[in-house]
Structure formats: structure tokens, C-alpha cells
file target.cif (mmCIF, C-alpha atoms and all ligand atoms)
data_my_file
loop_
_atom_site.label_atom_id
_atom_site.label_comp_id
_atom_site.auth_asym_id
_atom_site.auth_seq_id
_atom_site.Cartn_x
_atom_site.Cartn_y
_atom_site.Cartn_z
CA MET S 1 14.89 -48.15 0.75
CA SER S 2 12.56 -45.26 1.46
CA THR S 3 11.58 -44.80 5.08
CA THR S 4 8.19 -43.35 4.15
CA PHE S 5 5.12 -45.54 4.19
CA GLN S 6 2.16 -46.02 1.91
CA LEU S 7 -1.37 -46.40 3.19
CA ASP S 8 -3.29 -49.56 2.43
CA THR S 9 -6.21 -48.37 0.30
CA ALA S 10 -8.00 -51.69 0.74
CA THR S 11 -8.65 -51.03 4.43
CA SER S 12 -8.29 -47.25 4.49
CA ARG S 13 -6.21 -47.79 7.62
CA ALA S 14 -2.56 -46.88 7.89
CA ASN S 15 -0.75 -50.06 7.02
CA PRO S 16 2.95 -49.26 7.01
CA THR S 17 4.34 -50.86 3.89
CA PRO S 18 7.84 -49.63 3.02
CA GLN S 19 8.00 -48.44 -0.57
CA PRO S 20 11.23 -48.86 -2.52
CA MET S 21 10.64 -45.46 -4.18
CA LYS S 22 12.91 -42.49 -3.98
CA ARG S 23 11.20 -39.25 -3.05
CA LEU S 24 12.07 -36.20 -5.16
CA THR S 25 14.25 -33.63 -3.39
CA VAL S 26 14.44 -29.85 -3.31
CA PRO S 27 17.78 -29.84 -5.24
CA ALA S 28 16.14 -32.07 -7.89
CA ILE S 29 13.32 -29.52 -8.22
CA GLN S 30 15.88 -26.71 -8.60
CA ARG S 31 17.81 -28.65 -11.24
CA ARG S 32 14.69 -28.69 -13.39
CA LYS S 33 15.54 -25.05 -14.19
CA ALA S 34 19.03 -25.83 -15.40
CA GLY S 35 20.44 -23.09 -17.62
CA GLY S 36 17.69 -20.65 -16.73
CA SER S 37 14.69 -22.43 -18.25
CA THR S 38 12.51 -25.44 -17.48
CA GLN S 39 12.00 -28.03 -20.20
CA GLU S 40 9.04 -29.73 -18.54
CA PRO S 41 6.98 -27.50 -16.23
CA LEU S 42 6.79 -28.45 -12.56
CA VAL S 43 3.45 -29.79 -11.37
CA MET S 44 2.22 -28.78 -7.93
CA LEU S 45 -1.19 -29.18 -6.25
CA THR S 46 -2.38 -28.59 -2.73
CA ALA S 47 -3.05 -31.59 -0.48
CA TYR S 48 -4.40 -31.61 3.05
CA THR S 49 -5.13 -35.25 3.88
CA ALA S 50 -3.33 -38.58 3.57
CA ARG S 51 -5.77 -40.11 1.08
CA GLN S 52 -5.79 -36.98 -1.08
CA ALA S 53 -1.98 -36.99 -1.09
CA GLN S 54 -1.98 -40.64 -2.09
CA LEU S 55 -4.18 -39.93 -5.12
CA LEU S 56 -2.25 -36.84 -6.24
CA ASP S 57 1.30 -38.02 -5.49
CA PRO S 58 2.03 -40.00 -8.69
CA HIS S 59 1.12 -36.97 -10.81
CA CYS S 60 2.87 -34.18 -8.90
CA ASP S 61 6.45 -33.01 -8.43
CA MET S 62 5.41 -31.09 -5.32
CA LEU S 63 2.47 -31.26 -2.92
CA LEU S 64 1.69 -28.04 -1.07
CA VAL S 65 0.03 -28.22 2.31
CA GLY S 66 -1.35 -24.72 1.84
CA ASP S 67 -2.87 -22.59 4.57
CA SER S 68 -5.81 -22.41 2.14
CA LEU S 69 -6.91 -25.43 4.19
CA GLY S 70 -8.41 -22.80 6.52
CA GLN S 71 -11.12 -22.04 3.96
CA VAL S 72 -11.19 -25.35 2.09
CA ILE S 73 -11.23 -27.78 5.04
CA TYR S 74 -12.33 -25.69 8.01
CA GLY S 75 -14.74 -23.22 6.36
CA LEU S 76 -12.89 -20.22 7.79
CA PRO S 77 -13.33 -16.80 6.16
CA SER S 78 -9.62 -16.40 5.34
CA THR S 79 -6.23 -18.00 6.00
CA LEU S 80 -5.56 -15.71 8.98
CA PRO S 81 -6.97 -17.95 11.77
CA VAL S 82 -4.96 -20.99 10.63
CA THR S 83 -2.57 -22.20 13.35
CA LEU S 84 0.81 -23.91 13.33
CA GLU S 85 -0.81 -26.96 14.96
CA MET S 86 -3.29 -27.26 12.07
CA MET S 87 -0.47 -27.03 9.51
CA ILE S 88 1.58 -29.65 11.36
CA ALA S 89 -1.33 -32.11 11.65
CA HIS S 90 -2.19 -31.84 7.94
CA GLY S 91 1.47 -31.71 6.87
CA ALA S 92 2.20 -34.99 8.66
CA ALA S 93 -0.87 -36.61 7.05
CA VAL S 94 0.27 -35.56 3.57
CA VAL S 95 3.80 -36.85 4.14
CA ARG S 96 2.34 -40.17 5.33
CA GLY S 97 0.17 -40.42 2.23
CA SER S 98 2.91 -39.69 -0.31
CA TYR S 99 6.23 -41.19 -1.31
CA HIS S 100 7.19 -39.43 -4.54
CA ALA S 101 6.50 -35.68 -4.37
CA VAL S 102 8.38 -33.03 -2.43
CA VAL S 103 6.02 -31.89 0.35
CA ILE S 104 6.06 -28.20 1.25
CA VAL S 105 4.08 -26.82 4.20
CA ASP S 106 2.89 -23.22 4.57
CA LEU S 107 4.01 -21.19 7.56
CA PRO S 108 0.70 -19.77 8.83
CA PHE S 109 -0.01 -16.10 9.54
CA GLY S 110 1.62 -14.92 12.76
CA SER S 111 4.10 -17.80 12.99
CA TYR S 112 7.07 -16.17 11.21
CA GLU S 113 6.75 -12.43 10.65
CA VAL S 114 8.16 -11.18 13.99
CA SER S 115 11.78 -12.21 13.40
CA PRO S 116 13.97 -14.77 11.62
CA GLN S 117 14.27 -16.53 14.99
CA GLN S 118 10.48 -16.84 15.32
CA ALA S 119 10.36 -18.17 11.75
CA PHE S 120 13.07 -20.74 12.53
CA ALA S 121 11.22 -21.94 15.65
CA SER S 122 8.02 -22.46 13.63
CA ALA S 123 9.68 -23.90 10.53
CA SER S 124 11.83 -26.31 12.51
CA ARG S 125 8.70 -27.68 14.24
CA ILE S 126 7.09 -28.20 10.83
CA MET S 127 10.16 -29.98 9.49
CA ALA S 128 10.62 -32.17 12.58
CA GLU S 129 6.97 -33.01 13.22
CA THR S 130 5.76 -33.55 9.64
CA GLY S 131 8.76 -34.85 7.69
CA ALA S 132 8.12 -32.20 5.00
CA ALA S 133 11.00 -31.09 2.76
CA GLY S 134 10.51 -27.35 3.17
CA VAL S 135 8.25 -24.47 4.08
CA LYS S 136 6.55 -21.68 2.15
CA LEU S 137 6.13 -18.16 3.44
CA GLU S 138 4.49 -15.04 2.02
CA GLY S 139 6.28 -11.76 1.37
CA GLY S 140 9.07 -10.30 -0.73
CA ILE S 141 11.68 -7.74 0.31
CA ALA S 142 10.31 -7.65 3.87
CA MET S 143 10.91 -11.39 4.26
CA ALA S 144 14.34 -11.59 2.55
CA GLU S 145 16.30 -11.64 5.82
CA THR S 146 14.06 -14.39 7.19
CA ILE S 147 14.37 -16.50 4.03
CA SER S 148 18.15 -16.17 4.18
CA PHE S 149 18.20 -17.08 7.90
CA LEU S 150 16.17 -20.26 7.31
CA ALA S 151 17.99 -21.28 4.12
CA GLN S 152 21.39 -20.95 5.83
CA ARG S 153 20.15 -23.23 8.62
CA GLY S 154 19.04 -26.09 6.42
CA ILE S 155 15.40 -25.22 5.84
CA PRO S 156 14.43 -24.98 2.16
CA VAL S 157 12.10 -22.03 1.64
CA MET S 158 9.60 -21.43 -1.14
CA GLY S 159 8.72 -17.74 -1.48
CA HIS S 160 5.25 -16.43 -2.31
CA ILE S 161 4.78 -13.00 -3.89
CA GLY S 162 2.17 -10.97 -5.78
CA LEU S 163 -1.27 -11.59 -4.30
CA THR S 164 -0.40 -12.82 -0.81
CA PRO S 165 -3.65 -13.97 0.86
CA GLN S 166 -2.35 -13.51 4.42
CA ALA S 167 -2.14 -9.78 3.62
CA VAL S 168 -5.77 -9.62 2.44
CA ASN S 169 -6.60 -6.85 4.92
CA ALA S 170 -3.71 -4.68 3.77
CA LEU S 171 -4.33 -5.41 0.07
CA GLY S 172 -8.08 -4.76 0.38
CA GLY S 173 -9.16 -8.03 -1.28
CA TYR S 174 -8.06 -10.81 -3.62
CA ALA S 175 -7.88 -8.83 -6.89
CA ALA S 176 -4.95 -9.39 -9.26
CA ARG S 177 -1.89 -7.28 -8.52
CA GLY S 178 0.57 -5.28 -10.57
CA ARG S 179 -1.72 -3.09 -12.69
CA SER S 180 -0.08 0.16 -11.60
CA GLU S 181 3.54 0.91 -12.53
CA GLU S 182 4.47 1.23 -8.87
CA GLU S 183 2.95 -2.13 -7.91
CA HIS S 184 4.47 -3.78 -10.99
CA ALA S 185 7.96 -2.58 -10.01
CA LYS S 186 7.44 -3.61 -6.36
CA ILE S 187 6.48 -7.20 -7.29
CA LEU S 188 9.51 -7.51 -9.59
CA ALA S 189 11.73 -6.27 -6.75
CA ASP S 190 10.05 -8.74 -4.35
CA GLY S 191 10.78 -11.65 -6.70
CA GLU S 192 14.41 -10.65 -7.07
CA ALA S 193 14.81 -10.21 -3.30
CA VAL S 194 13.31 -13.62 -2.53
CA ALA S 195 15.61 -15.35 -5.04
CA ARG S 196 18.69 -13.45 -3.83
CA ALA S 197 17.86 -14.40 -0.24
CA GLY S 198 18.11 -18.09 -1.11
CA ALA S 199 14.54 -19.31 -1.72
CA PHE S 200 14.62 -22.51 -3.79
CA ALA S 201 11.48 -21.55 -5.74
CA VAL S 202 8.82 -18.86 -5.66
CA VAL S 203 5.05 -18.92 -6.04
CA ILE S 204 3.80 -15.96 -8.08
CA GLU S 205 0.09 -15.51 -7.40
CA GLY S 206 -2.52 -13.30 -9.04
CA VAL S 207 -0.41 -10.88 -11.07
CA VAL S 208 -0.70 -9.40 -14.54
CA GLU S 209 1.04 -11.79 -16.92
CA PRO S 210 4.08 -9.67 -17.93
CA ILE S 211 5.30 -9.68 -14.31
CA ALA S 212 5.32 -13.49 -14.22
CA VAL S 213 7.04 -13.69 -17.61
CA THR S 214 9.74 -11.17 -16.65
CA LEU S 215 10.46 -12.90 -13.33
CA THR S 216 10.53 -16.35 -14.92
CA GLN S 217 13.14 -15.14 -17.41
CA ALA S 218 15.14 -13.17 -14.84
CA LEU S 219 15.29 -15.56 -11.88
CA SER S 220 17.49 -18.63 -11.68
CA ILE S 221 15.00 -20.36 -9.33
CA PRO S 222 11.75 -21.96 -10.57
CA THR S 223 8.67 -19.74 -10.61
CA ILE S 224 5.40 -21.49 -9.80
CA GLY S 225 2.38 -19.66 -11.16
CA ILE S 226 -1.19 -19.42 -9.90
CA GLY S 227 -3.18 -16.82 -11.78
CA ALA S 228 0.12 -15.76 -13.35
CA SER S 229 1.26 -17.22 -16.71
CA ALA S 230 1.72 -20.49 -18.60
CA GLN S 231 5.32 -19.27 -19.10
CA CYS S 232 6.11 -19.91 -15.42
CA ASP S 233 8.39 -22.85 -14.63
CA GLY S 234 5.48 -24.64 -12.97
CA GLN S 235 1.86 -24.29 -11.93
CA VAL S 236 -0.06 -24.79 -8.70
CA LEU S 237 -3.79 -24.89 -8.01
CA VAL S 238 -5.89 -25.60 -4.96
CA THR S 239 -6.97 -29.19 -5.68
CA GLU S 240 -10.56 -28.64 -4.53
CA ASP S 241 -10.90 -25.80 -7.07
CA MET S 242 -9.41 -27.95 -9.83
CA ILE S 243 -11.67 -30.98 -9.17
CA GLY S 244 -14.83 -28.87 -8.83
CA MET S 245 -15.68 -29.13 -5.13
CA PHE S 246 -16.99 -25.56 -5.03
CA ASP S 247 -19.57 -23.64 -7.04
CA ARG S 248 -17.44 -20.52 -7.28
CA VAL S 249 -14.71 -20.78 -9.91
CA PRO S 250 -12.08 -18.01 -9.80
CA ARG S 251 -10.92 -16.80 -13.22
CA PHE S 252 -7.47 -18.41 -12.89
CA VAL S 253 -8.89 -21.89 -12.13
CA ARG S 254 -9.58 -24.55 -14.72
CA ARG S 255 -12.14 -27.06 -13.43
CA TYR S 256 -11.32 -30.62 -14.49
CA GLY S 257 -14.38 -32.22 -12.93
CA ALA S 258 -17.50 -31.75 -10.82
CA ILE S 259 -16.66 -33.78 -7.74
CA GLY S 260 -18.92 -31.61 -5.54
CA ASP S 261 -21.93 -32.50 -7.72
CA ALA S 262 -20.90 -36.17 -7.75
CA ILE S 263 -20.78 -36.26 -3.92
CA GLY S 264 -24.22 -34.63 -3.73
CA ASP S 265 -25.65 -37.18 -6.22
CA LEU S 266 -24.18 -40.12 -4.29
CA ALA S 267 -25.54 -38.80 -0.97
CA ALA S 268 -28.98 -38.41 -2.58
CA GLN S 269 -28.91 -42.04 -3.82
CA TYR S 270 -27.88 -43.25 -0.36
CA ALA S 271 -30.63 -41.21 1.34
CA LYS S 272 -33.20 -42.65 -1.10
CA ASP S 273 -32.10 -46.23 -0.34
CA VAL S 274 -32.12 -45.66 3.43
CA LYS S 275 -35.64 -44.20 3.30
CA ALA S 276 -36.88 -47.05 1.06
CA ARG S 277 -35.22 -49.62 3.41
CA THR S 278 -33.31 -51.03 0.42
CA PHE S 279 -30.04 -50.31 2.21
CA PRO S 280 -28.62 -52.36 3.81
CA SER S 281 -29.56 -55.43 1.76
CA ALA S 282 -28.61 -59.07 2.39
CA ASP S 283 -25.15 -58.36 0.94
CA GLN S 284 -24.42 -55.79 3.64
CA THR S 285 -25.89 -57.58 6.68
CA TYR S 286 -24.56 -60.34 8.96
CA GLN S 287 -26.55 -63.45 9.72
CA PRO S 288 -25.94 -65.93 12.55
CA LYS S 289 -24.12 -69.14 11.55
CA ALA S 290 -26.59 -71.70 10.14
O1 LIG S 301 -2.38 -21.82 0.58
C1 LIG S 301 -2.32 -22.17 -0.61
O2 LIG S 301 -3.00 -23.09 -1.06
C2 LIG S 301 -1.39 -21.46 -1.47
C3 LIG S 301 -1.48 -21.69 -2.94
C4 LIG S 301 -2.74 -21.14 -3.46
C5 LIG S 301 -0.30 -21.18 -3.66
O3 LIG S 301 -0.60 -20.72 -1.01
#
call {"tool": "encode", "arguments": {"input": "target.cif", "output": "C-alpha cells"}}
result
Amino acid sequence: MSTTFQLDTATSRANPTPQPMKRLTVPAIQRRKAGGSTQEPLVMLTAYTARQAQLLDPHCDMLLVGDSLGQVIYGLPSTLPVTLEMMIAHGAAVVRGSYHAVVIVDLPFGSYEVSPQQAFASASRIMAETGAAGVKLEGGIAMAETISFLAQRGIPVMGHIGLTPQAVNALGGYAARGRSEEEHAKILADGEAVARAGAFAVVIEGVVEPIAVTLTQALSIPTIGIGASAQCDGQVLVTEDMIGMFDRVPRFVRRYGAIGDAIGDLAAQYAKDVKARTFPSADQTYQPKA
């Protein structure tokens, strides 16, 4: 029986009910690319809270606790100020709210770049304190030694190449990568290095499509695209972009709803009722015993 717990949605309080469900594993995700191609693409979305994880879990192979939570949840200007403590708190919430998907947690900026040993110290805290199945880190050739160090010590690593948001200051913005021959060749070399180092999968973000297609065909590990190509072995999006929480819609996002507008409409209805004193009504008030 699974040792993970499902929340009780009726009370919205954590009510630990053991679920007899088997959680997917990293090797199971890797096996989806048996023989060099993926029959059914892998589905990954970001999740930052327990309730969000609970809603997404039945539909996803992997849930990513992305450091994009810096902007999405905390209103920060970039992912750079995100801390290990923030990632651990949200990672643990997502693991508590899910029982099917593989949960991967981002290593935040500054928590892994110094040395493989620093990366192991940070990643092992994430694994121990959240119950996640692996970590994701940004960088290609420069991070190969670190990926290999973690993978050899029992920590599954998802690579992240192409447009790497933690390097926004060095890249000069969030524009798609790989338009020059030099950059194109560098991203291909990054993908190969990450796979050779032992990453179990790699996110390819914001690149011209031929790069994603070439890497998907060349690498034995699954490629997960975001702003990359439908030919990738899987896709990931920031959930809040996909459900329409924000007005700005990046080119690579498909909006499947307008949840931001819906929340605004519901708040307006509530405000109207409060001002008209029609909320609370008899149904929502307590009376003394007759
Ligand atoms: O932080 C994040 O959400 C990510 C995805 C966009 C891939 O890294």
C-alpha cells in the first residue's frame, strides 16, 4: 500500500487517508522512451500547492515544482531570489497532494552551481524533506559533472537546457535561443552532455524547433519541451499560464481557460452581496437552539 496520503477535499484539511495507488517512478518514465521513441507523450505541469497537485495529479505523469513559483506565487521579478526553503515547503505540499505522478523539484539559483558537493547537499535536503522523486537543474556542459555526481549517489536529475531562466542576466532576456549557428551547436552539445552525464530526462525550453527535433531523435532519454516542439517526448507548461491566470500569454503557451477572469467575476459577485447585506443569508448563519 502506498505510504502517501490524499487530502480530504470535503474539509480542505489534511486528512491522511492511505491510497492503495502506486506512484509512477523515474525508471517508469524513462521506459516510456523504449527503443528511442515515445509512443504516448509524457504529460508534465507545474504545481506549487497541495490542492493544485491534487487536481492535476490524475492527468499528469510528472508534476514539476518549478522555481517559476517565484514569479507565479510570490510576485518576484525573476526566479533568482527563490530559496531552497521555498522549494522545500512547496515541494512537500505537492507530494502531500499527489499520489500518482512523479514529483520533481527545481534546485533554485545559487543552491547547486558552486560544486557537485553543494548540489548534493541541496538536493539531498529536497529529497529527504519533500519526498520528491528527483530534482531539476539548469545548465548543459557546465553542469555535466554535477549531474553525474548526483545520479551516481541515488538522486534522479532532470536537466534543463536552451532558455534557462536562472541565467536571464547572462542571456539578456527570455527570447528563444538557437537562432545563430554557434548557439544552435552549443545547445545540441548541452543536450548530449546532460544525457551522457546520467540525467533521466531533459527539459528543452525556448529553442528553435529543429534543435528540439534533433535532440529528441538523438538522445535516449525523454525530452520534455516548453516552447520547443510537438515532436518532443513530452510537454510541460506552467499551470497558471495554461489555465489563464495571467493576462500576458507567451507565444509558446496555449490557454485552456480564463480562471483569472472567473476569480475576478466571483469576487465581484461576493462584494456585491456583502454590500447589499444579502450575504450571509439564513443558510449561512447560526441561530440559538429553539
Ligand atoms: O520553473 C519552471 O516552472 C520550469 C518550467 C517552465 C520548465 O522550469
call {"tool": "closest_residue", "arguments": {"input": "target.cif", "among": "S:Arg32, S:Arg177, S:Lys22, S:Lys136", "to": "S:Met158", "atoms": "all atoms listed in the file"}}
result
S:Lys136
call {"tool": "residues_near_ligand", "arguments": {"input": "target.cif", "ligand": "ligand LIG 301 (chain S)", "cutoff": "9 Å", "atoms": "all atoms listed in the file", "output": "PyMOL selection string"}}
result
chain S and resi 45-47+64-70+79+105-106+136-138+160+164-165+203-205+224-226+236-239
call {"tool": "atom_distance", "arguments": {"input": "target.cif", "atom1": "atom CA of S:Ala175", "atom2": "atom CA of S:Ala228"}}
result
12.4 Å
call {"tool": "atom_distance", "arguments": {"input": "target.cif", "atom1": "atom CA of S:Ile263", "atom2": "atom CA of S:Met242"}}
result
15.3 Å
call {"tool": "closest_residue", "arguments": {"input": "target.cif", "among": "S:Gly234, S:Gly140, S:Gly264, S:Gly206", "to": "S:Arg251", "atoms": "only C-alpha atoms"}}
result
S:Gly206
call {"tool": "residues_around", "arguments": {"input": "target.cif", "residues": "S:Asp233", "least_positions_apart": "6", "cutoff": "9 Å", "atoms": "only C-alpha atoms", "output": "ChimeraX atom specification"}}
result
/S:32-33,37-42,216,221-225
call {"tool": "residues_near_point", "arguments": {"input": "target.cif", "point": "(9.5, -28.3, 14.7)", "cutoff": "12 Å", "atoms": "all atoms listed in the file", "output": "PyMOL selection string"}}
result
chain S and resi 84-85+87-89+91-92+105+107+111+118-132+134-135+155
call {"tool": "write_last_selection", "arguments": {"input": "target.cif", "atoms": "C-alpha atoms", "output": "PDB file, in the coordinates of the input"}}
result
ATOM      1  CA  LEU S  84       0.810 -23.910  13.330  1.00  0.00           C
ATOM      2  CA  GLU S  85      -0.810 -26.960  14.960  1.00  0.00           C
ATOM      3  CA  MET S  87      -0.470 -27.030   9.510  1.00  0.00           C
ATOM      4  CA  ILE S  88       1.580 -29.650  11.360  1.00  0.00           C
ATOM      5  CA  ALA S  89      -1.330 -32.110  11.650  1.00  0.00           C
ATOM      6  CA  GLY S  91       1.470 -31.710   6.870  1.00  0.00           C
ATOM      7  CA  ALA S  92       2.200 -34.990   8.660  1.00  0.00           C
ATOM      8  CA  VAL S 105       4.080 -26.820   4.200  1.00  0.00           C
ATOM      9  CA  LEU S 107       4.010 -21.190   7.560  1.00  0.00           C
ATOM     10  CA  SER S 111       4.100 -17.800  12.990  1.00  0.00           C
ATOM     11  CA  GLN S 118      10.480 -16.840  15.320  1.00  0.00           C
ATOM     12  CA  ALA S 119      10.360 -18.170  11.750  1.00  0.00           C
ATOM     13  CA  PHE S 120      13.070 -20.740  12.530  1.00  0.00           C
ATOM     14  CA  ALA S 121      11.220 -21.940  15.650  1.00  0.00           C
ATOM     15  CA  SER S 122       8.020 -22.460  13.630  1.00  0.00           C
ATOM     16  CA  ALA S 123       9.680 -23.900  10.530  1.00  0.00           C
ATOM     17  CA  SER S 124      11.830 -26.310  12.510  1.00  0.00           C
ATOM     18  CA  ARG S 125       8.700 -27.680  14.240  1.00  0.00           C
ATOM     19  CA  ILE S 126       7.090 -28.200  10.830  1.00  0.00           C
ATOM     20  CA  MET S 127      10.160 -29.980   9.490  1.00  0.00           C
ATOM     21  CA  ALA S 128      10.620 -32.170  12.580  1.00  0.00           C
ATOM     22  CA  GLU S 129       6.970 -33.010  13.220  1.00  0.00           C
ATOM     23  CA  THR S 130       5.760 -33.550   9.640  1.00  0.00           C
ATOM     24  CA  GLY S 131       8.760 -34.850   7.690  1.00  0.00           C
ATOM     25  CA  ALA S 132       8.120 -32.200   5.000  1.00  0.00           C
ATOM     26  CA  GLY S 134      10.510 -27.350   3.170  1.00  0.00           C
ATOM     27  CA  VAL S 135       8.250 -24.470   4.080  1.00  0.00           C
ATOM     28  CA  ILE S 155      15.400 -25.220   5.840  1.00  0.00           C
TER      29      ILE S 155
END
call {"tool": "closest_residue", "arguments": {"input": "target.cif", "among": "S:Tyr48, S:Ser220, S:Pro116, S:Pro250", "to": "S:Val72", "atoms": "only C-alpha atoms"}}
result
S:Tyr48
call {"tool": "atom_distance", "arguments": {"input": "target.cif", "atom1": "atom CA of S:Ile141", "atom2": "atom CA of S:Ala189"}}
result
7.2 Å
call {"tool": "closest_residue", "arguments": {"input": "target.cif", "among": "S:Thr83, S:Gln117, S:Ser78, S:Thr214", "to": "S:Val168", "atoms": "only C-alpha atoms"}}
result
S:Ser78
call {"tool": "decode", "arguments": {"input": "target.cif", "residues": "stretch 224-252 of chain S", "atoms": "N, CA and C atoms", "output": "PDB file, in the first residue's frame"}}
result
ATOM      1  N   ILE S 224      11.570  16.874 -22.751  1.00  0.00           N
ATOM      2  CA  ILE S 224      10.299  17.496 -22.360  1.00  0.00           C
ATOM      3  C   ILE S 224      10.338  18.930 -22.875  1.00  0.00           C
ATOM      4  N   GLY S 225       9.449  19.244 -23.787  1.00  0.00           N
ATOM      5  CA  GLY S 225       9.502  20.551 -24.449  1.00  0.00           C
ATOM      6  C   GLY S 225       8.643  21.605 -23.771  1.00  0.00           C
ATOM      7  N   ILE S 226       9.143  22.842 -23.816  1.00  0.00           N
ATOM      8  CA  ILE S 226       8.331  24.023 -23.478  1.00  0.00           C
ATOM      9  C   ILE S 226       8.826  25.115 -24.420  1.00  0.00           C
ATOM     10  N   GLY S 227       7.954  25.507 -25.341  1.00  0.00           N
ATOM     11  CA  GLY S 227       8.419  26.410 -26.398  1.00  0.00           C
ATOM     12  C   GLY S 227       9.473  25.726 -27.244  1.00  0.00           C
ATOM     13  N   ALA S 228       9.250  24.451 -27.558  1.00  0.00           N
ATOM     14  CA  ALA S 228      10.277  23.679 -28.279  1.00  0.00           C
ATOM     15  C   ALA S 228       9.677  22.995 -29.517  1.00  0.00           C
ATOM     16  N   SER S 229       8.971  21.878 -29.335  1.00  0.00           N
ATOM     17  CA  SER S 229       8.385  21.172 -30.479  1.00  0.00           C
ATOM     18  C   SER S 229       7.400  20.119 -29.994  1.00  0.00           C
ATOM     19  N   ALA S 230       6.367  19.881 -30.788  1.00  0.00           N
ATOM     20  CA  ALA S 230       5.411  18.791 -30.508  1.00  0.00           C
ATOM     21  C   ALA S 230       6.076  17.431 -30.690  1.00  0.00           C
ATOM     22  N   GLN S 231       7.264  17.422 -31.347  1.00  0.00           N
ATOM     23  CA  GLN S 231       7.993  16.154 -31.542  1.00  0.00           C
ATOM     24  C   GLN S 231       8.713  15.695 -30.291  1.00  0.00           C
ATOM     25  N   CYS S 232       8.811  16.558 -29.270  1.00  0.00           N
ATOM     26  CA  CYS S 232       9.479  16.150 -28.025  1.00  0.00           C
ATOM     27  C   CYS S 232       8.751  14.956 -27.422  1.00  0.00           C
ATOM     28  N   ASP S 233       9.443  14.257 -26.509  1.00  0.00           N
ATOM     29  CA  ASP S 233       8.842  13.073 -25.888  1.00  0.00           C
ATOM     30  C   ASP S 233       7.757  13.432 -24.878  1.00  0.00           C
ATOM     31  N   GLY S 234       7.713  14.697 -24.486  1.00  0.00           N
ATOM     32  CA  GLY S 234       6.686  15.162 -23.565  1.00  0.00           C
ATOM     33  C   GLY S 234       6.624  16.668 -23.598  1.00  0.00           C
ATOM     34  N   GLN S 235       5.651  17.206 -22.879  1.00  0.00           N
ATOM     35  CA  GLN S 235       5.478  18.671 -22.828  1.00  0.00           C
ATOM     36  C   GLN S 235       5.291  19.096 -21.386  1.00  0.00           C
ATOM     37  N   VAL S 236       5.723  20.316 -21.073  1.00  0.00           N
ATOM     38  CA  VAL S 236       5.459  20.925 -19.773  1.00  0.00           C
ATOM     39  C   VAL S 236       5.006  22.362 -19.988  1.00  0.00           C
ATOM     40  N   LEU S 237       4.094  22.814 -19.155  1.00  0.00           N
ATOM     41  CA  LEU S 237       3.721  24.232 -19.128  1.00  0.00           C
ATOM     42  C   LEU S 237       3.579  24.653 -17.673  1.00  0.00           C
ATOM     43  N   VAL S 238       3.713  25.939 -17.434  1.00  0.00           N
ATOM     44  CA  VAL S 238       3.371  26.490 -16.127  1.00  0.00           C
ATOM     45  C   VAL S 238       1.834  26.467 -16.052  1.00  0.00           C
ATOM     46  N   THR S 239       1.301  25.793 -15.058  1.00  0.00           N
ATOM     47  CA  THR S 239      -0.150  25.582 -14.977  1.00  0.00           C
ATOM     48  C   THR S 239      -0.918  26.905 -15.026  1.00  0.00           C
ATOM     49  N   GLU S 240      -0.426  27.905 -14.301  1.00  0.00           N
ATOM     50  CA  GLU S 240      -1.152  29.184 -14.250  1.00  0.00           C
ATOM     51  C   GLU S 240      -1.215  29.839 -15.635  1.00  0.00           C
ATOM     52  N   ASP S 241      -0.225  29.617 -16.472  1.00  0.00           N
ATOM     53  CA  ASP S 241      -0.298  30.112 -17.861  1.00  0.00           C
ATOM     54  C   ASP S 241      -1.379  29.347 -18.622  1.00  0.00           C
ATOM     55  N   MET S 242      -1.369  28.026 -18.435  1.00  0.00           N
ATOM     56  CA  MET S 242      -2.263  27.145 -19.194  1.00  0.00           C
ATOM     57  C   MET S 242      -3.740  27.374 -18.822  1.00  0.00           C
ATOM     58  N   ILE S 243      -4.006  27.684 -17.547  1.00  0.00           N
ATOM     59  CA  ILE S 243      -5.415  27.859 -17.123  1.00  0.00           C
ATOM     60  C   ILE S 243      -5.874  29.310 -17.240  1.00  0.00           C
ATOM     61  N   GLY S 244      -4.975  30.204 -17.646  1.00  0.00           N
ATOM     62  CA  GLY S 244      -5.372  31.597 -17.874  1.00  0.00           C
ATOM     63  C   GLY S 244      -5.483  32.417 -16.598  1.00  0.00           C
ATOM     64  N   MET S 245      -4.462  32.332 -15.749  1.00  0.00           N
ATOM     65  CA  MET S 245      -4.452  33.165 -14.535  1.00  0.00           C
ATOM     66  C   MET S 245      -3.876  34.547 -14.819  1.00  0.00           C
ATOM     67  N   PHE S 246      -3.132  34.663 -15.913  1.00  0.00           N
ATOM     68  CA  PHE S 246      -2.454  35.930 -16.206  1.00  0.00           C
ATOM     69  C   PHE S 246      -2.937  36.500 -17.533  1.00  0.00           C
ATOM     70  N   ASP S 247      -2.827  37.834 -17.655  1.00  0.00           N
ATOM     71  CA  ASP S 247      -3.234  38.479 -18.911  1.00  0.00           C
ATOM     72  C   ASP S 247      -2.225  38.208 -20.019  1.00  0.00           C
ATOM     73  N   ARG S 248      -0.945  38.209 -19.637  1.00  0.00           N
ATOM     74  CA  ARG S 248       0.095  38.028 -20.663  1.00  0.00           C
ATOM     75  C   ARG S 248       0.194  36.550 -21.048  1.00  0.00           C
ATOM     76  N   VAL S 249       0.145  36.297 -22.340  1.00  0.00           N
ATOM     77  CA  VAL S 249       0.226  34.909 -22.816  1.00  0.00           C
ATOM     78  C   VAL S 249       1.449  34.771 -23.727  1.00  0.00           C
ATOM     79  N   PRO S 250       2.532  34.170 -23.220  1.00  0.00           N
ATOM     80  CA  PRO S 250       3.698  33.960 -24.086  1.00  0.00           C
ATOM     81  C   PRO S 250       3.332  33.124 -25.312  1.00  0.00           C
ATOM     82  N   ARG S 251       4.069  33.319 -26.388  1.00  0.00           N
ATOM     83  CA  ARG S 251       3.764  32.634 -27.654  1.00  0.00           C
ATOM     84  C   ARG S 251       3.645  31.113 -27.516  1.00  0.00           C
ATOM     85  N   PHE S 252       4.476  30.511 -26.658  1.00  0.00           N
ATOM     86  CA  PHE S 252       4.522  29.045 -26.576  1.00  0.00           C
ATOM     87  C   PHE S 252       3.409  28.460 -25.702  1.00  0.00           C
TER      88      PHE S 252
END
